[in-house]
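One file, final_11.cif, carrying mmCIF, C-alpha atoms:
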data_final
loop_
_atom_site.label_atom_id
_atom_site.label_comp_id
_atom_site.auth_asym_id
_atom_site.auth_seq_id
_atom_site.Cartn_x
_atom_site.Cartn_y
_atom_site.Cartn_z
CA MET L 9 -79.08 76.68 81.41
CA ALA L 10 -76.56 79.43 82.02
CA VAL L 11 -75.60 79.70 85.66
CA LEU L 12 -74.97 83.13 87.15
CA THR L 13 -72.78 83.76 90.16
CA LEU L 14 -74.87 84.23 93.27
CA PRO L 15 -74.96 87.90 94.25
CA VAL L 16 -75.09 87.32 97.99
CA SER L 17 -72.12 86.37 100.14
CA ALA L 18 -71.59 85.74 103.82
CA PRO L 19 -72.19 89.03 105.61
CA THR L 20 -69.42 90.81 107.47
CA LEU L 21 -70.13 91.71 111.07
CA PRO L 22 -69.94 95.50 111.48
CA SER L 23 -67.30 96.82 113.85
CA LEU L 24 -68.43 97.40 117.39
CA PRO L 25 -66.76 100.61 118.60
CA GLY L 26 -65.39 101.20 122.06
CA LYS L 27 -65.09 97.54 123.08
CA GLU L 28 -62.08 95.49 124.09
CA LEU L 29 -62.24 91.71 123.83
CA ARG L 30 -63.57 90.43 127.13
CA ARG L 31 -61.88 87.07 126.55
CA ARG L 32 -58.71 88.58 125.17
CA VAL L 33 -56.43 86.39 123.08
CA THR L 34 -52.67 86.72 123.49
CA LYS L 35 -49.79 84.94 121.88
CA VAL L 36 -47.41 82.74 123.85
CA ALA L 37 -43.72 82.99 122.95
CA THR L 38 -43.06 79.26 123.37
CA ALA L 39 -45.66 78.03 120.91
CA PRO L 40 -47.66 79.31 117.91
CA ILE L 41 -50.92 78.64 119.72
CA ALA L 42 -53.33 81.23 120.98
CA LYS L 43 -54.17 81.37 124.65
CA ALA L 44 -57.13 82.96 126.35
CA SER L 45 -58.66 83.16 129.77
CA LYS L 46 -61.79 81.69 128.25
CA ALA L 47 -62.55 80.19 124.87
CA LEU L 48 -64.61 81.77 122.10
CA GLY L 49 -68.14 80.73 123.01
CA GLY L 50 -66.35 78.69 125.62
CA SER L 51 -67.12 76.88 128.82
CA SER L 52 -65.66 76.46 132.25
CA ASN L 53 -66.38 72.75 132.62
CA GLY L 54 -62.79 71.59 132.49
CA LYS L 55 -62.95 70.18 128.97
CA GLU L 56 -59.86 70.88 126.91
CA PRO L 57 -60.57 73.66 124.40
CA VAL L 58 -59.53 73.58 120.76
CA HIS L 59 -56.68 75.97 119.88
CA LEU L 60 -56.44 77.53 116.42
CA THR L 61 -53.86 80.02 115.15
CA HIS L 62 -54.94 82.95 113.02
CA GLU L 63 -53.49 81.17 109.97
CA GLN L 64 -55.46 78.00 110.72
CA VAL L 65 -58.69 79.96 111.06
CA GLU L 66 -58.11 81.70 107.74
CA GLU L 67 -57.27 78.40 106.02
CA PHE L 68 -60.45 76.91 107.50
CA GLY L 69 -62.36 79.78 105.91
CA ARG L 70 -60.63 79.32 102.55
CA GLU L 71 -61.61 75.65 102.44
CA LEU L 72 -65.25 76.55 103.02
CA GLU L 73 -65.02 79.25 100.34
CA GLU L 74 -63.67 76.68 97.89
CA LEU L 75 -66.56 74.33 98.67
CA ARG L 76 -69.03 77.16 98.13
CA ALA L 77 -67.42 78.10 94.80
CA ARG L 78 -67.62 74.50 93.53
CA ILE L 79 -71.33 74.28 94.30
CA VAL L 80 -72.12 77.70 92.79
CA ALA L 81 -70.31 76.71 89.59
CA ASP L 82 -72.44 73.58 89.39
CA LEU L 83 -75.85 75.22 89.83
CA GLY L 84 -78.17 74.58 86.92
CA ASP L 85 -81.02 72.51 85.59
CA LYS L 86 -81.16 69.96 88.40
CA ASP L 87 -81.64 72.73 90.95
CA ARG L 88 -84.34 74.35 88.83
CA ASP L 89 -86.08 71.02 88.28
CA TYR L 90 -85.94 70.24 91.99
CA ILE L 91 -87.59 73.43 93.21
CA TYR L 92 -90.35 73.18 90.61
CA LYS L 93 -91.03 69.57 91.61
CA ILE L 94 -91.39 70.71 95.20
CA ILE L 95 -93.73 73.54 94.17
CA LYS L 96 -95.81 71.08 92.15
CA ALA L 97 -96.00 68.68 95.10
CA GLN L 98 -96.94 71.50 97.47
CA ARG L 99 -99.77 72.66 95.23
CA ALA L 100 -101.07 69.12 94.80
CA LEU L 101 -101.11 68.61 98.58
CA GLU L 102 -102.93 71.89 99.14
CA VAL L 103 -105.57 71.16 96.47
CA ALA L 104 -106.08 67.69 97.96
CA GLY L 105 -106.33 69.09 101.48
CA ARG L 106 -108.82 71.79 100.52
CA GLY L 107 -110.87 69.34 98.44
CA LEU L 108 -111.02 66.61 101.07
CA MET L 109 -112.55 69.09 103.52
CA TYR L 110 -115.80 68.55 101.59
CA VAL L 111 -115.74 64.86 102.55
CA LEU L 112 -116.31 64.61 106.29
CA PRO L 113 -114.98 61.03 106.73
CA ALA L 114 -111.74 62.14 105.01
CA TRP L 115 -111.19 64.99 107.49
CA PRO L 116 -107.98 63.50 108.99
CA LEU L 117 -106.52 63.09 105.50
CA ALA L 118 -107.55 66.64 104.60
CA VAL L 119 -105.82 68.05 107.68
CA THR L 120 -102.69 65.99 107.07
CA SER L 121 -102.49 66.97 103.42
CA LEU L 122 -103.04 70.66 104.11
CA GLY L 123 -100.56 70.62 107.00
CA LEU L 124 -97.88 69.06 104.78
CA ALA L 125 -98.61 71.65 102.07
CA LYS L 126 -98.10 74.47 104.55
CA ILE L 127 -94.85 72.93 105.80
CA LEU L 128 -93.46 72.66 102.27
CA ASP L 129 -94.61 76.17 101.43
CA ASN L 130 -92.97 77.72 104.48
CA MET L 131 -89.80 75.68 104.79
CA GLU L 132 -88.55 74.13 101.55
CA ILE L 133 -90.03 76.84 99.33
CA GLY L 134 -90.72 80.12 101.17
CA HIS L 135 -87.80 80.18 103.60
CA ASN L 136 -85.29 79.14 100.96
CA VAL L 137 -86.60 81.32 98.15
CA MET L 138 -86.62 84.40 100.40
CA HIS L 139 -82.96 83.72 101.20
CA GLY L 140 -82.22 84.38 97.53
CA GLN L 141 -81.28 80.76 96.91
CA TYR L 142 -82.95 80.82 93.49
CA ASP L 143 -82.40 84.45 92.48
CA TRP L 144 -79.78 83.28 89.98
CA MET L 145 -82.61 81.77 87.92
CA LYS L 146 -83.96 85.27 87.20
CA GLU L 147 -87.56 84.03 87.43
CA LYS L 148 -90.13 86.35 88.96
CA GLY L 149 -91.99 83.64 90.85
CA LEU L 150 -88.79 82.73 92.71
CA ASN L 151 -87.47 86.24 93.29
CA SER L 152 -86.54 86.70 96.96
CA ARG L 153 -87.47 90.39 96.90
CA VAL L 154 -91.13 89.89 95.95
CA PHE L 155 -91.94 86.34 97.10
CA GLU L 156 -94.74 85.89 99.65
CA TRP L 157 -95.56 82.78 101.64
CA ASP L 158 -98.52 81.11 103.33
CA ASN L 159 -97.72 82.68 106.69
CA VAL L 160 -99.00 85.66 108.68
CA CYS L 161 -95.53 87.22 108.86
CA PRO L 162 -94.91 89.80 106.09
CA ALA L 163 -92.04 88.66 103.89
CA ASP L 164 -90.20 92.00 104.09
CA GLN L 165 -90.22 91.95 107.90
CA TRP L 166 -89.05 88.34 107.92
CA ARG L 167 -86.19 89.15 105.55
CA HIS L 168 -85.03 91.83 107.97
CA SER L 169 -85.36 89.89 111.25
CA HIS L 170 -84.10 86.62 109.78
CA ASN L 171 -81.91 87.17 106.73
CA TYR L 172 -80.14 90.22 108.13
CA MET L 173 -80.34 90.26 111.92
CA HIS L 174 -80.16 86.52 112.57
CA HIS L 175 -77.79 85.42 109.83
CA THR L 176 -75.39 88.32 110.32
CA PHE L 177 -75.29 88.22 114.13
CA THR L 178 -75.94 84.50 114.62
CA ASN L 179 -75.89 83.57 118.32
CA ILE L 180 -74.45 86.88 119.50
CA LEU L 181 -76.12 87.83 122.76
CA ASP L 182 -78.12 91.07 122.65
CA MET L 183 -77.86 91.18 118.85
CA ASP L 184 -79.41 87.96 117.56
CA ARG L 185 -82.99 88.12 118.78
CA ASP L 186 -83.55 84.49 117.78
CA ILE L 187 -81.86 83.67 121.10
CA GLY L 188 -85.09 83.37 123.03
CA TYR L 189 -87.23 85.47 120.68
CA GLY L 190 -87.39 88.15 123.35
CA ILE L 191 -89.41 85.96 125.73
CA LEU L 192 -87.30 82.86 126.52
CA ARG L 193 -84.07 82.21 128.38
CA MET L 194 -82.04 79.97 126.06
CA ASP L 195 -78.51 80.53 127.39
CA LYS L 196 -77.04 80.79 130.88
CA ASP L 197 -75.43 84.13 129.97
CA GLN L 198 -78.91 85.61 129.87
CA LYS L 199 -79.32 86.85 133.45
CA TRP L 200 -81.89 84.82 135.36
CA HIS L 201 -85.06 86.57 136.55
CA PRO L 202 -88.14 85.10 138.29
CA TYR L 203 -90.01 85.74 135.04
CA TYR L 204 -88.10 82.81 133.52
CA LEU L 205 -89.79 80.33 135.86
CA GLY L 206 -92.41 80.28 133.12
CA ASN L 207 -89.82 79.36 130.45
CA PRO L 208 -91.44 76.02 129.52
CA LEU L 209 -94.89 77.60 129.29
CA TYR L 210 -93.64 80.45 127.13
CA ALA L 211 -91.85 77.98 124.87
CA PHE L 212 -94.97 75.85 124.51
CA ALA L 213 -97.08 78.91 123.66
CA LEU L 214 -94.51 80.04 121.08
CA MET L 215 -94.49 76.58 119.53
CA MET L 216 -98.27 76.45 119.19
CA ALA L 217 -98.52 79.95 117.69
CA PHE L 218 -95.14 80.02 115.97
CA GLU L 219 -96.14 81.89 112.81
CA TRP L 220 -97.61 84.66 114.98
CA GLY L 221 -94.44 84.75 117.08
CA VAL L 222 -92.39 85.12 113.91
CA MET L 223 -94.70 87.92 112.78
CA LEU L 224 -94.18 89.82 116.05
CA HIS L 225 -90.41 89.23 116.08
CA ASP L 226 -89.42 92.68 114.81
CA MET L 227 -91.63 94.35 117.42
CA HIS L 228 -89.09 93.60 120.20
CA ALA L 229 -91.77 92.71 122.73
CA GLU L 230 -89.47 92.97 125.74
CA GLU L 231 -88.50 96.54 124.74
CA VAL L 232 -92.17 97.47 124.38
CA VAL L 233 -92.85 96.18 127.90
CA GLN L 234 -89.85 98.14 129.24
CA GLY L 235 -90.93 101.31 127.43
CA LYS L 236 -87.74 101.38 125.35
CA ARG L 237 -89.32 100.82 121.92
CA ASP L 238 -90.27 103.63 119.57
CA MET L 239 -94.00 103.06 119.23
CA ASN L 240 -94.08 104.90 115.90
CA GLU L 241 -91.90 102.12 114.51
CA VAL L 242 -94.25 99.53 116.01
CA LYS L 243 -97.20 101.25 114.34
CA GLU L 244 -95.45 100.96 110.98
CA LEU L 245 -94.82 97.25 111.60
CA ALA L 246 -98.48 96.81 112.58
CA LYS L 247 -99.60 98.14 109.21
CA GLY L 248 -97.68 95.28 107.60
CA TRP L 249 -99.24 92.78 110.00
CA VAL L 250 -102.72 93.93 109.08
CA ARG L 251 -101.98 93.78 105.35
CA LYS L 252 -100.57 90.24 105.60
CA ALA L 253 -102.23 88.53 108.56
CA GLY L 254 -105.68 89.89 107.72
CA PRO L 255 -106.01 88.15 104.33
CA GLN L 256 -104.31 85.02 105.73
CA ALA L 257 -106.83 84.71 108.56
CA LEU L 258 -109.71 85.56 106.22
CA LYS L 259 -108.63 82.84 103.79
CA ASP L 260 -108.19 80.05 106.34
CA TYR L 261 -110.88 80.91 108.85
CA VAL L 262 -113.67 82.48 106.80
CA ILE L 263 -113.54 82.02 103.02
CA PHE L 264 -112.50 78.37 102.70
CA PRO L 265 -114.75 77.21 105.58
CA ALA L 266 -117.67 79.17 104.07
CA LEU L 267 -117.14 77.46 100.71
CA THR L 268 -117.85 74.09 102.35
CA GLY L 269 -121.30 75.26 103.46
CA PRO L 270 -122.70 73.12 106.28
CA LEU L 271 -119.20 71.75 106.91
CA PHE L 272 -118.01 75.22 107.95
CA PRO L 273 -117.19 74.16 111.56
CA THR L 274 -115.16 71.10 110.55
CA THR L 275 -113.33 72.99 107.79
CA LEU L 276 -112.54 75.80 110.22
CA ALA L 277 -111.19 73.26 112.70
CA GLY L 278 -109.27 71.50 109.94
CA ASN L 279 -107.57 74.69 108.76
CA PHE L 280 -106.70 75.58 112.34
CA ALA L 281 -105.24 72.09 112.86
CA ALA L 282 -103.19 72.32 109.65
CA ASN L 283 -101.69 75.63 110.78
CA LEU L 284 -100.99 74.08 114.16
CA ILE L 285 -99.16 71.15 112.54
CA ARG L 286 -97.00 73.59 110.56
CA ASN L 287 -96.30 75.70 113.65
CA VAL L 288 -95.21 72.79 115.84
CA TRP L 289 -93.04 71.27 113.10
CA ALA L 290 -91.35 74.55 112.11
CA TYR L 291 -90.65 75.45 115.75
CA SER L 292 -89.19 72.02 116.46
CA ILE L 293 -86.90 71.96 113.43
CA ILE L 294 -85.67 75.51 114.00
CA PHE L 295 -85.02 75.02 117.72
CA CYS L 296 -83.20 71.74 117.02
CA GLY L 297 -80.84 73.63 114.73
CA HIS L 298 -80.09 76.43 117.18
CA PHE L 299 -80.42 75.37 120.82
CA PRO L 300 -79.48 71.74 121.55
CA THR L 301 -76.61 70.89 123.87
CA GLY L 302 -73.28 71.83 122.31
CA VAL L 303 -74.41 74.90 120.39
CA GLN L 304 -72.42 77.92 121.49
CA VAL L 305 -73.35 81.55 122.16
CA PHE L 306 -71.05 84.55 121.79
CA THR L 307 -70.64 88.09 123.07
CA LYS L 308 -70.29 91.34 121.13
CA GLU L 309 -66.73 91.68 122.41
CA GLU L 310 -65.72 88.21 121.23
CA THR L 311 -66.94 88.85 117.71
CA ALA L 312 -65.85 92.46 117.25
CA ASN L 313 -64.05 93.07 113.93
CA GLU L 314 -64.22 89.40 112.98
CA THR L 315 -62.91 88.27 109.60
CA ARG L 316 -64.96 86.31 107.12
CA ALA L 317 -63.23 83.11 108.25
CA GLU L 318 -64.08 83.90 111.88
CA TRP L 319 -67.68 84.49 110.78
CA TYR L 320 -67.66 80.99 109.26
CA LEU L 321 -66.28 79.60 112.52
CA ARG L 322 -69.04 81.25 114.54
CA GLN L 323 -71.70 79.85 112.22
CA MET L 324 -70.36 76.33 112.67
CA LEU L 325 -70.09 76.56 116.45
CA GLY L 326 -73.53 78.16 116.75
CA SER L 327 -75.49 75.53 114.80
CA ALA L 328 -76.57 71.89 114.93
CA ASN L 329 -77.81 69.33 112.40
CA ILE L 330 -80.53 66.69 112.62
CA THR L 331 -79.83 63.33 111.02
CA GLY L 332 -82.54 61.58 109.01
CA GLY L 333 -83.66 60.29 105.64
CA LYS L 334 -84.30 62.15 102.38
CA LEU L 335 -88.00 62.78 103.03
CA PHE L 336 -87.25 64.08 106.53
CA HIS L 337 -84.72 66.55 105.11
CA ILE L 338 -87.18 67.75 102.45
CA MET L 339 -89.94 68.29 105.01
CA SER L 340 -87.54 70.24 107.18
CA GLY L 341 -86.69 72.53 104.27
CA ASN L 342 -83.23 70.97 104.58
CA LEU L 343 -82.88 73.04 107.75
CA SER L 344 -81.98 69.72 109.30
CA HIS L 345 -78.62 70.81 107.83
CA GLN L 346 -78.58 73.99 109.90
CA ILE L 347 -74.78 74.08 110.00
CA GLU L 348 -74.58 74.21 106.21
CA HIS L 349 -77.46 76.69 106.08
CA HIS L 350 -75.72 79.10 108.44
CA LEU L 351 -72.49 78.77 106.49
CA PHE L 352 -74.11 79.13 103.06
CA PRO L 353 -77.56 80.73 103.50
CA ASP L 354 -77.94 81.67 99.82
CA ILE L 355 -76.94 78.27 98.36
CA PRO L 356 -80.02 76.17 97.41
CA ALA L 357 -80.80 74.04 100.48
CA PHE L 358 -81.27 71.11 98.11
CA ARG L 359 -77.44 71.04 97.97
CA TYR L 360 -76.83 70.85 101.73
CA PRO L 361 -76.93 67.04 101.97
CA GLU L 362 -74.08 66.74 99.45
CA MET L 363 -72.12 69.54 101.12
CA ALA L 364 -72.51 68.19 104.66
CA PRO L 365 -69.88 65.40 104.47
CA GLU L 366 -67.30 67.86 103.18
CA VAL L 367 -68.17 70.41 105.87
CA GLU L 368 -67.86 67.71 108.52
CA ARG L 369 -64.50 66.65 107.07
CA ILE L 370 -63.23 70.23 107.29
CA ALA L 371 -64.48 70.55 110.87
CA THR L 372 -62.76 67.31 111.86
CA LYS L 373 -59.52 68.41 110.19
CA TYR L 374 -59.34 71.44 112.48
CA GLY L 375 -60.59 69.62 115.57
CA LEU L 376 -63.88 71.52 115.59
CA PRO L 377 -67.18 70.08 116.82
CA TYR L 378 -69.76 69.14 114.19
CA ASN L 379 -72.97 68.94 116.18
CA LYS L 380 -75.42 66.39 114.75
CA GLY L 381 -77.88 63.85 116.07
CA PRO L 382 -81.29 62.27 115.50
CA PHE L 383 -84.42 64.35 115.99
CA TYR L 384 -85.39 62.77 119.31
CA LYS L 385 -81.96 63.53 120.77
CA GLN L 386 -81.80 67.14 119.58
CA ILE L 387 -85.37 68.04 120.54
CA GLY L 388 -84.94 66.29 123.89
CA SER L 389 -81.85 68.37 124.68
CA VAL L 390 -83.64 71.56 123.60
CA TRP L 391 -86.56 71.00 125.96
CA GLY L 392 -84.17 69.90 128.68
CA LYS L 393 -82.34 73.20 128.32
CA ILE L 394 -85.62 75.15 128.38
CA PHE L 395 -86.58 73.55 131.70
CA LYS L 396 -83.11 73.92 133.24
CA LEU L 397 -82.79 77.57 132.32
CA ALA L 398 -86.14 78.31 133.95
CA VAL L 399 -84.57 78.07 137.41
CA PRO L 400 -81.57 79.85 138.97
CA ASP L 401 -78.19 78.61 137.75
CA ALA L 402 -77.16 77.42 141.22
CA LEU L 403 -79.94 74.81 141.21
CA VAL L 404 -78.97 72.99 138.00
CA LYS L 405 -75.88 71.80 136.19
CA MET L 406 -75.61 72.74 132.53
CA ASP L 407 -73.62 70.55 130.16
CA GLU L 408 -71.30 72.69 128.07
CA PRO L 409 -68.82 71.81 125.35
CA ALA L 410 -65.19 72.82 125.34
CA GLY L 411 -64.64 76.17 123.71
CA VAL L 412 -62.47 77.17 120.79
CA ILE L 413 -59.54 79.49 121.44
CA ILE L 414 -58.50 81.41 118.37
CA GLU L 415 -55.72 83.84 117.62
CA ARG L 416 -57.50 86.95 116.33
CA ALA L 417 -55.93 89.05 113.58
CA ALA L 418 -56.39 92.20 115.67
CA ASP L 419 -54.52 90.62 118.58
CA VAL L 420 -51.60 89.57 116.38
CA GLU L 421 -51.27 93.16 115.15
CA LYS L 422 -51.38 94.55 118.71
CA ASP L 423 -48.84 92.04 120.09
CA PRO L 424 -45.24 93.25 119.43
CA ALA L 425 -44.00 89.65 119.75
CA ALA L 426 -46.32 88.43 117.00
#
Show this structure as structure tokens.
Amino acid sequence: MAVLTLPVSAPTLPSLPGKELRRRVTKVATAPIAKASKALGGSSNGKEPVHLTHEQVEEFGRELEELRARIVADLGDKDRDYIYKIIKAQRALEVAGRGLMYVLPAWPLAVTSLGLAKILDNMEIGHNVMHGQYDWMKEKGLNSRVFEWDNVCPADQWRHSHNYMHHTFTNILDMDRDIGYGILRMDKDQKWHPYYLGNPLYAFALMMAFEWGVMLHDMHAEEVVQGKRDMNEVKELAKGWVRKAGPQALKDYVIFPALTGPLFPTTLAGNFAANLIRNVWAYSIIFCGHFPTGVQVFTKEETANETRAEWYLRQMLGSANITGGKLFHIMSGNLSHQIEHHLFPDIPAFRYPEMAPEVERIATKYGLPYNKGPFYKQIGSVWGKIFKLAVPDALVKMDEPAGVIIERAADVEKDPAA
């Protein structure tokens, strides 16, 4: 099979006018190492920060670009075969789940099978296909621009809130709305308010109804409450919700239950349970990749006019991986390799496990953290953070990593001694 170069590359963060770097980097005459009052995404816990010169940051970026180029050049039949095997497995699980609903004693197996089918559809297939990871195949069924998934969120709205907003502005406060989804406090730099006393309850509710939370993401719920949102825009979004969520709900909660006749109540409950399984799993995997201890958050000022290499650096510092076996990675959509996904969102996720050791080697070479750990550790730290951030900062101690101090290109140009 002929392999075409992927059309999508790491996005460049647009310039943010009228801002000076809050944590300004200056150059010290006695050493080629950048200094700053506070590190990029940094902490004040006394840990020694990592120092990188502008040249080191750019070389770091070049090494990641070389890794990307090697993988792109190798894309071909094995990637095509893999995604079609996953699609075949997903369809088999869904057929089995729907069919077993007609056999009351097999209800637990039906729910499990259908839940697994929905997980594969949303994570290893839908999420990855809509990132354009298989656009190079030029096959309509795997075209990111027209693909739809088994989820109430319209694909076009998801591509905007996730592909563009989240992956361009990853972990930038007040720009990446995945930081708390508009309802949670997930970083200490989000000003505390008595509302956040309910942080654990809001997180639990979001977990249980995650697909609906994802659907409402572009609404900007907090802006609606504050009266800052253009309601005409919300009305346009709502039209998409009705077009997508309506048929989804009809399928799972009316049509398929009705087809089982007298087993309507158990089939209805089974479909609800399968959606719940998918919601809890997707929430847990996604939060483990974005919010465990060690993941860093940035400001608009810190990331203004960043280079591509600095974008790569932010992706690495703002992500975390989950260790596990092959099946675990498949069922997570390979988002257990969130670091690699944020670095290379349009590379088939199937390739992340082979890329991860090289990414970790590059991180180690430059003294950068490579955040990884087993599921129980990452999810435990996420929920610990959710509970801690529910109360005023003075009442709890947050564990923070050392920051990374970098010499920015803009600062070198401004500094006459550079």
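Candidate residues L:Arg416, L:Lys247, L:Lys196, L:Arg237 were compared for distance to Ala402 in chain L, and the nearest is L:Lys196, using all atoms listed in the file.
If you look at CA of Phe352 in chain L and CA of Asn329 in chain L, they are 14.0 Å away from each other.
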From L:Gly333, L:Pro208, L:Gly297, L:Gly107, residue lying nearest His345 in chain L [only C-alpha atoms]: L:Gly297
Contacts of range 371-386 of chain L at 7 Å (only C-alpha atoms; same-chain gap of 6+ positions) as a ChimeraX atom specification: /L:58,296,300,302,328-332
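Among the candidates L:Ile347, L:Val80, L:Leu258, L:Leu335, the residue lying nearest to His175 in chain L is L:Ile347 (atoms considered: only C-alpha atoms).
Minimum distance to Arg70 in chain L across L:Ser389, L:Thr315, L:Ser152, L:Asn342 (counting all atoms listed in the file) occurs at L:Thr315.
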Point (-81.2, 87.6, 124.9) neighbourhood (12 Å, only C-alpha atoms) written as a ChimeraX atom specification: /L:178-200,228-231,305-307
Selected by the PyMOL selection byres ((chain L and resi 339) around 9) in the shown coordinates: which residues, as a PDB file with C-alpha atoms, keeping the file's coordinate frame?
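This went into selection-v1.pdb:
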ATOM      1  CA  LEU L 124     -97.880  69.060 104.780  1.00  0.00           C
ATOM      2  CA  ILE L 127     -94.850  72.930 105.800  1.00  0.00           C
ATOM      3  CA  LEU L 128     -93.460  72.660 102.270  1.00  0.00           C
ATOM      4  CA  MET L 131     -89.800  75.680 104.790  1.00  0.00           C
ATOM      5  CA  GLU L 132     -88.550  74.130 101.550  1.00  0.00           C
ATOM      6  CA  LYS L 334     -84.300  62.150 102.380  1.00  0.00           C
ATOM      7  CA  LEU L 335     -88.000  62.780 103.030  1.00  0.00           C
ATOM      8  CA  PHE L 336     -87.250  64.080 106.530  1.00  0.00           C
ATOM      9  CA  HIS L 337     -84.720  66.550 105.110  1.00  0.00           C
ATOM     10  CA  ILE L 338     -87.180  67.750 102.450  1.00  0.00           C
ATOM     11  CA  SER L 340     -87.540  70.240 107.180  1.00  0.00           C
ATOM     12  CA  GLY L 341     -86.690  72.530 104.270  1.00  0.00           C
ATOM     13  CA  ASN L 342     -83.230  70.970 104.580  1.00  0.00           C
ATOM     14  CA  LEU L 343     -82.880  73.040 107.750  1.00  0.00           C
TER      15      LEU L 343
END
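As for CA of Leu83 in chain L and CA of Thr176 in chain L, they are spaced 24.3 Å apart.
Applied to the file shown here, the PyMOL selection byres ((chain L and resi 217-222) around 9) selects L:Asn159, L:Val160, L:Cys161, L:Trp166, L:Ser169, L:Tyr189, L:Phe212, L:Ala213, L:Leu214, L:Met215, L:Met216, L:Met223, L:Leu224, L:His225, L:Asp226, L:Ala253, L:Asn283, L:Leu284, L:Arg286, L:Asn287, L:Val288, L:Ala290, L:Tyr291.
Pairwise distance (CA of Tyr261 in chain L, CA of Leu276 in chain L) equals 5.5 Å.
Here the PyMOL selection byres ((chain L and resi 121) around 10) matches the residues Gln98, Ala100, Leu101, Glu102, Val103, Ala104, Gly105, Arg106, Leu108, Trp115, Pro116, Leu117, Ala118, Val119, Thr120, Leu122, Gly123, Leu124, Ala125, Lys126, Ile127 and Ala282 of chain L.
Ranking L:Ala312, L:Pro202, L:Arg359, L:Ala364 by their shortest atom-to-atom distance to Gly84 in chain L, with only C-alpha atoms included, puts L:Arg359 first.
Each of L:Glu310, L:Val232, L:Lys243, L:Phe177 was compared to His350 in chain L using all atoms listed in the file, and L:Phe177 turns out to be the nearest.
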Completion step: range 138-142 of chain L with all heavy atoms as a PDB file, in the coordinates of the input:
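Output file selection.pdb follows:
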ATOM      1  N   MET L 138     -86.827  83.058  99.859  1.00  0.00           N
ATOM      2  CA  MET L 138     -86.620  84.400 100.400  1.00  0.00           C
ATOM      3  C   MET L 138     -85.188  84.635 100.861  1.00  0.00           C
ATOM      4  O   MET L 138     -84.795  85.769 101.141  1.00  0.00           O
ATOM      5  CB  MET L 138     -87.622  84.681 101.513  1.00  0.00           C
ATOM      6  CG  MET L 138     -89.028  84.912 100.980  1.00  0.00           C
ATOM      7  SD  MET L 138     -90.178  85.584 102.190  1.00  0.00           S
ATOM      8  CE  MET L 138     -90.430  84.170 103.260  1.00  0.00           C
ATOM      9  N   HIS L 139     -84.392  83.578 100.947  1.00  0.00           N
ATOM     10  CA  HIS L 139     -82.960  83.720 101.200  1.00  0.00           C
ATOM     11  C   HIS L 139     -82.202  84.066  99.918  1.00  0.00           C
ATOM     12  O   HIS L 139     -80.985  84.255  99.959  1.00  0.00           O
ATOM     13  CB  HIS L 139     -82.382  82.437 101.789  1.00  0.00           C
ATOM     14  CG  HIS L 139     -82.235  82.490 103.278  1.00  0.00           C
ATOM     15  ND1 HIS L 139     -81.388  83.384 103.917  1.00  0.00           N
ATOM     16  CD2 HIS L 139     -82.810  81.774 104.262  1.00  0.00           C
ATOM     17  CE1 HIS L 139     -81.460  83.199 105.217  1.00  0.00           C
ATOM     18  NE2 HIS L 139     -82.313  82.233 105.470  1.00  0.00           N
ATOM     19  N   GLY L 140     -82.895  84.107  98.792  1.00  0.00           N
ATOM     20  CA  GLY L 140     -82.220  84.380  97.530  1.00  0.00           C
ATOM     21  C   GLY L 140     -81.554  83.169  96.923  1.00  0.00           C
ATOM     22  O   GLY L 140     -80.720  83.298  96.019  1.00  0.00           O
ATOM     23  N   GLN L 141     -81.940  81.973  97.391  1.00  0.00           N
ATOM     24  CA  GLN L 141     -81.280  80.760  96.910  1.00  0.00           C
ATOM     25  C   GLN L 141     -81.543  80.469  95.436  1.00  0.00           C
ATOM     26  O   GLN L 141     -80.782  79.738  94.799  1.00  0.00           O
ATOM     27  CB  GLN L 141     -81.718  79.562  97.766  1.00  0.00           C
ATOM     28  CG  GLN L 141     -81.240  79.651  99.205  1.00  0.00           C
ATOM     29  CD  GLN L 141     -81.664  78.454 100.050  1.00  0.00           C
ATOM     30  OE1 GLN L 141     -82.239  77.498  99.542  1.00  0.00           O
ATOM     31  NE2 GLN L 141     -81.381  78.510 101.345  1.00  0.00           N
ATOM     32  N   TYR L 142     -82.618  81.060  94.904  1.00  0.00           N
ATOM     33  CA  TYR L 142     -82.950  80.820  93.490  1.00  0.00           C
ATOM     34  C   TYR L 142     -82.986  82.113  92.683  1.00  0.00           C
ATOM     35  O   TYR L 142     -83.479  82.130  91.555  1.00  0.00           O
ATOM     36  CB  TYR L 142     -84.292  80.080  93.399  1.00  0.00           C
ATOM     37  CG  TYR L 142     -84.217  78.693  94.010  1.00  0.00           C
ATOM     38  CD1 TYR L 142     -84.595  78.482  95.339  1.00  0.00           C
ATOM     39  CD2 TYR L 142     -83.720  77.618  93.282  1.00  0.00           C
ATOM     40  CE1 TYR L 142     -84.491  77.216  95.910  1.00  0.00           C
ATOM     41  CE2 TYR L 142     -83.607  76.358  93.846  1.00  0.00           C
ATOM     42  CZ  TYR L 142     -83.999  76.165  95.159  1.00  0.00           C
ATOM     43  OH  TYR L 142     -83.885  74.910  95.729  1.00  0.00           O
TER      44      TYR L 142
END
